[in-house]
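Peer 1: So that you have it, the file is entry-v6.txt, and it contains compact mmCIF, C-alpha atoms and all ligand atoms:
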# COMPACT_ATOMS: atom_id res chain seq x y z
CA MET A 1 30.18 20.28 6.03
CA GLN A 2 32.04 23.54 6.43
CA ARG A 3 28.81 25.55 6.27
CA PHE A 4 27.26 23.29 8.90
CA SER A 5 30.31 23.48 11.19
CA THR A 6 30.59 27.24 10.84
CA SER A 7 26.91 27.72 11.64
CA LEU A 8 27.23 25.43 14.65
CA SER A 9 30.32 27.17 15.97
CA GLU A 10 28.75 30.62 15.52
CA SER A 11 25.16 29.93 16.59
CA GLY A 12 25.24 26.65 18.49
CA THR A 13 21.84 25.30 19.40
CA LEU A 14 20.15 28.51 18.24
CA LYS A 15 20.45 27.02 14.75
CA LEU A 16 20.46 23.36 15.76
CA ASP A 17 17.75 22.82 18.33
CA GLU A 18 16.63 19.36 19.43
CA ASP A 19 14.03 19.00 16.67
CA ALA A 20 16.57 19.98 14.05
CA GLU A 21 19.07 17.54 15.55
CA ASP A 22 16.44 14.78 15.42
CA GLN A 23 15.96 15.38 11.71
CA LEU A 24 19.58 16.11 10.85
CA PHE A 25 20.28 12.76 9.15
CA ASP A 26 16.92 12.40 7.38
CA GLY A 27 18.53 13.77 4.23
CA ALA A 28 21.48 11.38 4.52
CA ARG A 29 19.14 8.40 5.04
CA ALA A 30 17.13 9.45 1.97
CA ALA A 31 20.30 9.93 -0.10
CA VAL A 32 21.59 6.47 0.86
CA ALA A 33 18.19 4.96 0.06
CA ARG A 34 18.36 6.47 -3.46
CA LEU A 35 21.95 5.28 -3.84
CA ILE A 36 21.19 1.63 -3.13
CA GLY A 37 17.54 1.32 -4.18
CA ALA A 38 16.23 0.97 -0.63
CA GLU A 39 13.53 2.63 1.48
CA ARG A 40 14.62 5.46 3.79
CA ASP A 41 13.26 3.56 6.78
CA ASP A 42 15.69 0.73 6.09
CA ILE A 43 18.74 2.98 6.54
CA ALA A 44 20.58 3.74 9.79
CA ILE A 45 23.35 6.30 10.07
CA ILE A 46 25.89 4.92 12.50
CA ALA A 47 29.50 5.64 13.41
CA SER A 48 31.34 2.86 11.59
CA THR A 49 31.16 -0.33 9.58
CA THR A 50 32.81 -2.15 12.47
CA GLU A 51 29.86 -1.25 14.70
CA ALA A 52 27.24 -2.76 12.36
CA ILE A 53 29.12 -6.02 11.83
CA ASN A 54 29.52 -6.49 15.56
CA GLN A 55 25.81 -5.82 16.05
CA ILE A 56 24.68 -8.38 13.49
CA ALA A 57 27.26 -10.95 14.64
CA TRP A 58 26.24 -10.80 18.29
CA TRP A 59 22.56 -10.81 17.42
CA LEU A 60 22.86 -13.85 15.15
CA ARG A 61 25.12 -15.49 17.71
CA PRO A 62 25.85 -18.66 15.72
CA SER A 63 26.40 -21.53 18.12
CA ALA A 64 28.71 -24.56 18.17
CA GLY A 65 27.67 -26.70 15.23
CA GLN A 66 26.93 -23.63 13.09
CA ASN A 67 29.44 -21.83 10.91
CA VAL A 68 30.17 -18.42 9.40
CA VAL A 69 31.77 -18.13 5.97
CA LEU A 70 34.29 -15.33 5.48
CA VAL A 71 37.03 -14.48 2.98
CA GLU A 72 40.64 -14.92 4.05
CA GLY A 73 42.44 -11.58 4.18
CA ASP A 74 39.25 -9.52 4.22
CA PHE A 75 39.19 -6.18 6.08
CA PRO A 76 39.73 -6.87 9.82
CA SER A 77 36.37 -5.46 10.88
CA VAL A 78 34.59 -7.92 8.59
CA VAL A 79 36.39 -10.82 10.28
CA LEU A 80 37.26 -9.94 13.89
CA PRO A 81 33.70 -9.65 15.27
CA TRP A 82 33.01 -13.26 14.17
CA LEU A 83 36.31 -14.55 15.53
CA ARG A 84 35.58 -12.94 18.88
CA LEU A 85 32.07 -14.36 18.89
CA ALA A 86 33.40 -17.84 18.04
CA GLU A 87 35.57 -17.64 21.18
CA GLU A 88 32.35 -17.29 23.11
CA THR A 89 30.02 -19.73 21.35
CA GLY A 90 32.28 -22.27 19.63
CA ALA A 91 30.83 -21.52 16.18
CA ALA A 92 33.12 -22.53 13.32
CA ILE A 93 34.70 -19.83 11.20
CA ARG A 94 35.37 -20.90 7.62
CA PHE A 95 37.68 -18.89 5.40
CA ALA A 96 37.43 -18.96 1.63
CA SER A 97 41.06 -19.09 0.63
CA THR A 98 42.94 -16.44 -1.27
CA ARG A 99 43.72 -18.69 -4.22
CA ALA A 100 43.11 -17.22 -7.66
CA ALA A 101 40.62 -14.39 -7.23
CA GLU A 102 38.67 -15.66 -10.24
CA GLN A 103 37.60 -18.69 -8.21
CA ARG A 104 36.59 -16.89 -5.03
CA THR A 105 32.83 -17.44 -5.40
CA GLU A 106 33.43 -21.15 -5.97
CA ALA A 107 35.64 -21.22 -2.86
CA ILE A 108 32.84 -19.58 -0.84
CA ALA A 109 30.23 -21.98 -2.27
CA GLU A 110 32.30 -25.00 -1.21
CA LEU A 111 32.17 -23.81 2.41
CA VAL A 112 28.48 -22.98 2.64
CA ASP A 113 26.18 -25.70 3.98
CA GLU A 114 22.93 -26.07 5.91
CA ASN A 115 24.76 -25.10 9.14
CA THR A 116 25.93 -21.75 7.75
CA ALA A 117 24.48 -18.90 9.79
CA ALA A 118 26.04 -16.07 7.79
CA ILE A 119 28.19 -15.23 4.81
CA CYS A 120 29.97 -11.97 5.62
CA VAL A 121 32.26 -10.43 3.00
CA GLY A 122 33.54 -7.20 1.55
CA HIS A 123 31.76 -6.52 -1.75
CA VAL A 124 35.03 -5.18 -3.18
CA HIS A 125 38.14 -6.50 -1.49
CA TYR A 126 40.12 -3.66 0.08
CA VAL A 127 43.47 -5.07 -1.06
CA THR A 128 42.92 -7.03 -4.27
CA GLY A 129 40.07 -4.89 -5.63
CA GLU A 130 38.16 -8.07 -6.45
CA ARG A 131 34.39 -7.52 -6.73
CA LEU A 132 32.11 -10.36 -5.63
CA ASP A 133 28.86 -11.13 -7.41
CA LEU A 134 26.09 -10.22 -4.95
CA ALA A 135 23.46 -12.12 -6.93
CA VAL A 136 25.45 -15.35 -6.69
CA LEU A 137 26.13 -14.82 -2.98
CA GLY A 138 22.44 -14.06 -2.39
CA THR A 139 21.39 -17.31 -4.04
CA LEU A 140 23.97 -19.23 -2.02
CA ALA A 141 22.77 -17.70 1.25
CA THR A 142 19.04 -18.10 0.67
CA GLY A 143 19.61 -21.68 -0.53
CA VAL A 144 20.68 -22.66 2.99
CA GLY A 145 18.80 -20.04 5.04
CA ALA A 146 22.00 -18.12 5.91
CA ARG A 147 22.20 -14.35 6.34
CA LEU A 148 24.17 -12.34 3.77
CA VAL A 149 26.12 -9.49 5.36
CA ILE A 150 27.98 -7.17 2.98
CA ASP A 151 30.62 -4.55 3.67
CA ALA A 152 30.25 -2.18 0.73
CA THR A 153 32.84 0.33 1.95
CA GLN A 154 34.97 -0.18 -1.16
CA SER A 155 32.08 -0.23 -3.60
CA ALA A 156 29.39 2.23 -2.48
CA GLY A 157 29.84 5.44 -4.42
CA VAL A 158 31.77 3.94 -7.30
CA VAL A 159 29.76 0.84 -8.20
CA ALA A 160 26.01 0.98 -8.82
CA LEU A 161 24.25 -0.92 -6.03
CA ASN A 162 20.64 -1.98 -5.90
CA VAL A 163 19.36 -4.06 -3.01
CA ARG A 164 16.09 -4.64 -4.85
CA GLU A 165 17.86 -6.35 -7.73
CA THR A 166 20.44 -8.17 -5.62
CA PRO A 167 18.90 -8.61 -2.16
CA VAL A 168 21.17 -8.81 0.89
CA ASP A 169 20.22 -8.95 4.57
CA LEU A 170 22.53 -6.22 5.78
CA LEU A 171 24.75 -3.84 3.82
CA VAL A 172 27.05 -1.37 5.50
CA ALA A 173 29.54 1.18 4.16
CA SER A 174 31.75 3.78 5.79
CA SER A 175 31.54 7.36 4.59
CA HIS A 176 35.22 8.04 4.07
CA LYS A 177 36.06 6.07 0.94
CA TRP A 178 34.21 6.41 -2.36
CA LEU A 179 31.27 8.39 -0.97
CA CYS A 180 33.36 11.57 -0.94
CA ALA A 181 32.63 12.30 2.71
CA PRO A 182 34.98 12.48 5.70
CA ALA A 183 35.45 9.82 8.36
CA GLY A 184 32.88 9.76 11.13
CA VAL A 185 29.77 7.97 9.93
CA ALA A 186 28.68 4.88 8.05
CA PHE A 187 25.33 3.88 6.62
CA CYS A 188 23.71 0.56 7.32
CA TYR A 189 20.91 -0.95 5.25
CA VAL A 190 18.80 -3.40 7.23
CA SER A 191 16.64 -5.51 4.95
CA PRO A 192 12.98 -6.13 5.85
CA THR A 193 14.11 -9.80 5.98
CA LEU A 194 15.71 -8.84 9.32
CA ALA A 195 12.41 -7.71 10.85
CA ASP A 196 13.24 -9.62 14.05
CA PHE A 197 16.75 -8.11 14.31
CA ARG A 198 16.93 -6.69 17.83
CA PRO A 199 20.36 -5.08 18.20
CA PRO A 200 22.31 -6.47 21.17
CA PHE A 201 23.85 -3.03 21.78
CA VAL A 202 21.47 -0.11 22.15
CA GLY A 203 21.57 3.61 22.81
CA TRP A 204 19.34 6.64 23.11
CA ARG A 205 19.38 7.44 19.40
CA GLY A 206 17.90 4.07 18.52
CA ALA A 207 14.92 4.61 20.80
CA ALA A 208 11.42 4.92 19.34
CA SER A 209 11.41 8.60 20.42
CA PRO A 210 14.96 9.76 21.21
CA SER A 211 13.83 13.21 22.40
CA LEU A 212 11.76 11.60 25.20
CA PHE A 213 15.01 10.33 26.79
CA ALA A 214 13.10 7.34 28.18
CA ALA A 215 15.44 5.33 30.40
CA ASP A 216 13.03 2.94 32.09
CA SER A 217 12.53 0.40 29.31
CA VAL A 218 14.02 -0.56 25.94
CA GLN A 219 11.64 0.76 23.32
CA LEU A 220 13.52 0.71 20.06
CA ALA A 221 12.53 2.32 16.79
CA THR A 222 10.81 -0.20 14.55
CA ASN A 223 12.82 0.84 11.47
CA ALA A 224 16.58 0.59 10.84
CA ARG A 225 17.19 3.55 13.14
CA ARG A 226 17.04 1.05 16.03
CA LEU A 227 20.67 0.32 15.19
CA GLU A 228 21.78 3.88 15.97
CA LEU A 229 23.60 4.20 19.29
CA GLY A 230 25.01 7.50 20.52
CA THR A 231 25.72 10.85 18.94
CA PRO A 232 27.75 10.38 15.73
CA ALA A 233 29.80 13.05 13.93
CA HIS A 234 27.04 15.41 12.85
CA SER A 235 29.13 17.19 10.26
CA ALA A 236 30.18 13.89 8.67
CA GLY A 237 26.51 12.84 8.32
CA VAL A 238 25.72 16.15 6.66
CA ALA A 239 28.71 15.65 4.35
CA LEU A 240 27.58 12.12 3.50
CA GLU A 241 24.30 13.53 2.20
CA ALA A 242 26.19 16.14 0.18
CA GLY A 243 28.73 13.57 -1.07
CA ILE A 244 26.01 11.32 -2.40
CA GLY A 245 24.27 14.33 -4.00
CA TYR A 246 27.57 15.20 -5.69
CA LEU A 247 27.95 11.67 -7.06
CA GLU A 248 24.33 11.63 -8.25
CA GLY A 249 25.07 14.75 -10.27
CA PHE A 250 27.34 12.62 -12.46
CA GLY A 251 25.29 9.41 -12.28
CA LEU A 252 26.51 6.26 -10.60
CA ALA A 253 26.43 4.24 -13.83
CA ARG A 254 28.71 6.81 -15.50
CA ILE A 255 31.07 6.86 -12.52
CA GLU A 256 31.30 3.07 -12.56
CA GLN A 257 31.97 2.99 -16.30
CA HIS A 258 34.65 5.66 -15.93
CA ALA A 259 36.40 3.89 -13.04
CA ILE A 260 36.29 0.50 -14.75
CA ALA A 261 37.76 1.96 -17.94
CA LEU A 262 40.55 3.79 -16.08
CA THR A 263 41.51 0.84 -13.91
CA GLY A 264 41.37 -1.43 -16.97
CA SER A 265 43.94 0.65 -18.82
CA LEU A 266 46.00 1.03 -15.65
CA ALA A 267 46.06 -2.77 -15.19
CA ALA A 268 47.11 -3.25 -18.83
CA GLY A 269 49.91 -0.70 -18.40
CA LEU A 270 51.07 -2.36 -15.18
CA ARG A 271 51.26 -5.74 -16.94
CA ASP A 272 53.33 -4.13 -19.71
CA LEU A 273 55.74 -2.94 -17.01
CA GLY A 274 56.14 -6.54 -15.80
CA ALA A 275 53.91 -6.29 -12.73
CA GLN A 276 51.80 -9.16 -11.45
CA VAL A 277 48.30 -7.67 -11.36
CA VAL A 278 46.35 -9.19 -8.48
CA THR A 279 42.96 -7.71 -9.44
CA PRO A 280 40.76 -9.82 -11.74
CA ALA A 281 40.75 -8.64 -15.35
CA HIS A 282 37.03 -9.03 -16.08
CA PRO A 283 35.18 -5.69 -15.68
CA ASN A 284 32.41 -7.35 -13.62
CA ARG A 285 34.96 -8.72 -11.17
CA ARG A 286 36.61 -5.45 -10.22
CA ALA A 287 35.67 -1.88 -9.36
CA ALA A 288 38.00 1.06 -8.89
CA ILE A 289 40.95 -0.57 -7.14
CA VAL A 290 43.88 -2.18 -8.95
CA ALA A 291 46.54 -3.98 -6.96
CA ALA A 292 49.84 -5.16 -8.37
CA ARG A 293 53.18 -6.58 -7.26
CA PHE A 294 56.56 -5.88 -8.74
CA HIS A 295 58.76 -8.90 -8.23
CA GLY A 296 61.59 -8.21 -5.80
CA ARG A 297 60.37 -4.68 -5.05
CA ASP A 298 59.15 -3.48 -1.68
CA SER A 299 55.69 -1.94 -2.13
CA GLY A 300 56.15 0.51 0.76
CA GLU A 301 59.31 1.85 -0.82
CA LEU A 302 57.60 2.17 -4.21
CA VAL A 303 54.78 4.17 -2.58
CA ASN A 304 57.36 6.64 -1.26
CA ARG A 305 59.12 6.86 -4.59
CA LEU A 306 55.86 7.49 -6.46
CA ARG A 307 55.04 10.28 -4.01
CA ARG A 308 58.02 12.16 -5.43
CA HIS A 309 56.31 12.02 -8.83
CA GLY A 310 53.11 13.41 -7.30
CA ILE A 311 51.42 10.00 -7.45
CA ALA A 312 49.50 8.95 -4.34
CA VAL A 313 48.98 5.20 -3.99
CA SER A 314 48.91 2.82 -1.02
CA SER A 315 50.85 -0.23 0.03
CA ARG A 316 48.75 -3.16 1.25
CA GLY A 317 50.65 -6.32 2.12
CA ASP A 318 53.19 -6.80 -0.65
CA ALA A 319 51.03 -5.06 -3.24
CA LEU A 320 50.73 -1.53 -4.53
CA ARG A 321 47.10 -0.39 -4.44
CA PHE A 322 45.86 2.16 -6.96
CA SER A 323 42.44 3.77 -6.64
CA ALA A 324 40.74 5.77 -9.38
CA HIS A 325 37.57 7.77 -8.78
CA LEU A 326 35.55 10.21 -10.84
CA PHE A 327 38.10 13.00 -10.44
CA ASN A 328 40.91 10.91 -11.95
CA ASP A 329 41.49 10.77 -15.69
CA ARG A 330 43.67 9.17 -18.35
CA ALA A 331 46.44 11.69 -17.70
CA ASP A 332 46.64 10.42 -14.08
CA VAL A 333 46.94 6.83 -15.29
CA ALA A 334 49.67 7.82 -17.76
CA ALA A 335 51.51 9.77 -15.03
CA ALA A 336 51.35 6.80 -12.64
CA LEU A 337 52.71 4.45 -15.30
CA ASP A 338 55.45 6.94 -16.29
CA GLY A 339 56.48 7.33 -12.66
CA LEU A 340 56.61 3.58 -12.19
CA LYS A 341 58.61 3.10 -15.38
CA THR A 342 61.31 5.37 -14.01
CA GLU A 343 61.33 3.61 -10.64
CA VAL A 344 61.20 -0.05 -11.61
CA HIS A 345 63.46 -0.14 -14.68
C1 LIG A 401 36.56 -2.81 3.31
C2 LIG A 401 36.60 -1.83 4.45
N1 LIG A 401 35.67 -1.90 5.40
C3 LIG A 401 35.64 -1.04 6.43
C4 LIG A 401 36.58 -0.04 6.53
C5 LIG A 401 36.51 0.93 7.67
O1 LIG A 401 35.63 0.56 8.65
P1 LIG A 401 35.30 1.55 9.87
O2 LIG A 401 34.43 2.63 9.34
O3 LIG A 401 34.61 0.67 10.86
O4 LIG A 401 36.61 2.07 10.37
C6 LIG A 401 37.59 0.06 5.56
C7 LIG A 401 38.65 1.07 5.61
O5 LIG A 401 38.74 2.01 6.31
C8 LIG A 401 37.59 -0.86 4.50
O6 LIG A 401 38.52 -0.79 3.53
How does the structure come out when it is put into structure tokens?
Ligand SMILES: Cc1ncc(COP(=O)(O)O)c(C=O)c1O
Peer 2:
Amino acid sequence: MQRFSTSLSESGTLKLDEDAEDQLFDGARAAVARLIGAERDDIAIIASTTEAINQIAWWLRPSAGQNVVLVEGDFPSVVLPWLRLAEETGAAIRFASTRAAEQRTEAIAELVDENTAAICVGHVHYVTGERLDLAVLGTLATGVGARLVIDATQSAGVVALNVRETPVDLLVASSHKWLCAPAGVAFCYVSPTLADFRPPFVGWRGAASPSLFAADSVQLATNARRLELGTPAHSAGVALEAGIGYLEGFGLARIEQHAIALTGSLAAGLRDLGAQVVTPAHPNRRAAIVAARFHGRDSGELVNRLRRHGIAVSSRGDALRFSAHLFNDRADVAAALDGLKTEVH
């Protein structure tokens, strides 16, 4: 990203002419395709996850009498587009409750019926770290002819994904979490099952030939690029390609194993310290996030206290959220637990 930005600042369009700009994200699209087992043509590089979920929501436009199944407490951008749409159309929004995370899939299944237009959920929950089973959700959705829309922002880059093995209709992930890239872009996989998906919001980059600047009719690209709107953060797209390349150097399966092992021992240590661990214990039901509550302790205050020990964690709701990626190791887990021991006892 730095090399790209330096070259652009020093040489401008001498090094990045219109043809080069056209092809700039080809590498990122190919890298994403490798990452999730898709075809390059099925990948769009857009500005944010929020953008893709709004696009699919307003295209599907479930009407009164139809419903959309969501998870209570999911990331706002997974929920708000549907709530806004329901204001317009009268569609029902059904929330799978936040009761015991272990029963989440059952809670979703109870809400899905023949009037369900879409199931839209975060693959890994951004607060609880709970990982949903995409195969089960896929079966649920196809059973009733609903669309399955997945926000993989908290799983892509740390959990092996394969849309061939566990088909979804649309899968989107922002660059700035586990993909080791900065904020500024997201990738969106549009399944061939969405062949008739005509984005309700369009821009010049989604045109069949962007460099023709045709402004007299809407002629969209026939592949996933039709979802692309305006100019996104070029350097972030370049970094996304590099970030995925970096992760591939280690192997996604290895990264997943490493994160699951680290967060497993972190969760065990947190329980020993008397915390209520919110994240499911089973390795298939979690990824690289562990969330925990310490009874009677303010999570925001604990975050600040841990900072003094050199431990960076987040506060989400009343829980402390720990995240472990490939660059963390057992010593980090031990340091976090040591720091907590000092602060909570
Ligand atoms: C689950 C989840 N989805 C989406 C986002 C971000 O979405 P966007 O790229 O639209 O800001 C985040 C966090 O930033 C997140 O945790």
Peer 1: Could you pull out the residues sitting within 9 Å of ligand LIG 401 (chain A), using all atoms listed in the file, and write them as a PyMOL selection string?
Peer 2: chain A and resi 47-53+74-78+121-127+151-155+172-177+183-186
Peer 1: Excluding same-chain residues fewer than 6 positions from stretch 240-251 of chain A, what lies within 8 Å of it counting only C-alpha atoms, as a list in words?
Peer 2: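 Those residues are Gly27, Ala28, Arg29, Ala31, Val32, Leu35, Gly157, Ser175, Leu179, Cys180, Ala181, Pro182 and Val185 of chain A.
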Peer 1: Nearest to A:Pro192 among A:Asn162, A:Ser11, A:Ser209, A:Asn223, with distances taken over only C-alpha atoms: which residue is it?
Peer 2: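 Comparing A:Asn162, A:Ser11, A:Ser209, A:Asn223 against A:Pro192, the winner is A:Asn223.
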Peer 1: Taking (60.5, 2.7, -4.9) in the file's coordinates, which residues come within 12 Å, counting all atoms listed in the file, written as a VMD selection string?
Peer 2: chain A and resid 294 296 to 309 311 313 315 320 339 to 345
Peer 1: How about saving the chosen residues, C-alpha atoms kept, as a tab-separated table (two decimals), in the frame of the given file?
Peer 2:
chain	number	residue	atom	x	y	z
A	294	PHE	CA	56.56	-5.88	-8.74
A	296	GLY	CA	61.59	-8.21	-5.80
A	297	ARG	CA	60.37	-4.68	-5.05
A	298	ASP	CA	59.15	-3.48	-1.68
A	299	SER	CA	55.69	-1.94	-2.13
A	300	GLY	CA	56.15	0.51	0.76
A	301	GLU	CA	59.31	1.85	-0.82
A	302	LEU	CA	57.60	2.17	-4.21
A	303	VAL	CA	54.78	4.17	-2.58
A	304	ASN	CA	57.36	6.64	-1.26
A	305	ARG	CA	59.12	6.86	-4.59
A	306	LEU	CA	55.86	7.49	-6.46
A	307	ARG	CA	55.04	10.28	-4.01
A	308	ARG	CA	58.02	12.16	-5.43
A	309	HIS	CA	56.31	12.02	-8.83
A	311	ILE	CA	51.42	10.00	-7.45
A	313	VAL	CA	48.98	5.20	-3.99
A	315	SER	CA	50.85	-0.23	0.03
A	320	LEU	CA	50.73	-1.53	-4.53
A	339	GLY	CA	56.48	7.33	-12.66
A	340	LEU	CA	56.61	3.58	-12.19
A	341	LYS	CA	58.61	3.10	-15.38
A	342	THR	CA	61.31	5.37	-14.01
A	343	GLU	CA	61.33	3.61	-10.64
A	344	VAL	CA	61.20	-0.05	-11.61
A	345	HIS	CA	63.46	-0.14	-14.68
Peer 1: Identify, on the basis of all atoms listed in the file, every residue whose closest approach to A:Arg84 does not exceed 12 Å; exclude the query and any residue fewer than 5 positions from it along the same chain; express the result as a list in words.
Peer 2: Ile53, Asn54, Ala57, Trp58, Arg61, Pro62, Pro76, Ser77, Val78, Val79, Thr89, Gly90, Ala91, Ala92 and Ile93 of chain A
Peer 1: Please report the interatomic distance between atom CA of A:Ile119 and atom CA of A:Arg285 in Å with one decimal.
Peer 2: 18.5 Å
Peer 1: Could you please determine the separation between atom CA of A:Arg131 and atom CA of A:Ile255 in Å, to one decimal place?
Peer 2: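 Here the two named atoms are 15.9 Å from each other.
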Peer 1: Centre and edge lengths, as JSON, for the axis-aligned box enclosing every listed atom of stretch 25-40 of chain A with 8 Å of padding on each of the six sides, in Å to one decimal?
Peer 2:
{"center_x": 17.7, "center_y": 7.4, "center_z": 2.5, "size_x": 24.4, "size_y": 28.8, "size_z": 29.3}
Peer 1: What is the distance, in Å and to one decimal place, between atom CA of A:Phe327 and atom CA of A:His258?
Peer 2: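 Distance reported for this atom pair: 9.8 Å.
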Peer 1: Between A:Ser5, A:Ser97, A:Thr128, A:Asn284, which has the minimum distance to A:Glu110 (counting all atoms listed in the file)?
Peer 2: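 Of the candidates, the smallest distance to A:Glu110 is held by A:Ser97.
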Peer 1: Check the smallest atom-to-atom distance from each of A:Leu212, A:Leu134, A:Ala275, A:Cys188 to A:Asp19 using all atoms listed in the file, then report the winner.
Peer 2: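 Of A:Leu212, A:Leu134, A:Ala275, A:Cys188, the one nearest A:Asp19 is A:Leu212, counting all atoms listed in the file.
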Peer 1: Looking at A:Ala33, A:Val159, A:Val290, A:Leu137, which one is nearest to A:Ser323, with distances taken over all atoms listed in the file?
Peer 2: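 Closest to A:Ser323 of all the choices is A:Val290.
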Peer 1: Counting only C-alpha atoms, select every polymer residue within 6 Å of (51.8, -7.6, -10.2) as defined in the file's coordinates, and provide the selection as JSON, numbers by chain.
Peer 2: {"A": [275, 276, 277, 278, 292, 293, 294]}
Peer 1: For a quick check of understanding, using all atoms listed in the file, which of A:Ala44, A:Leu194, A:Ala30, A:Ala107 has the smallest distance to A:Ala221?
Peer 2: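 Among A:Ala44, A:Leu194, A:Ala30, A:Ala107, it is A:Ala44 that comes nearest to A:Ala221.
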Peer 1: I'd like to know which of A:Leu16, A:Gly73, A:Glu87, A:Ala334 is closest to A:Gly317, using all atoms listed in the file.
Peer 2: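 For A:Gly317, the nearest of the given residues is A:Gly73.
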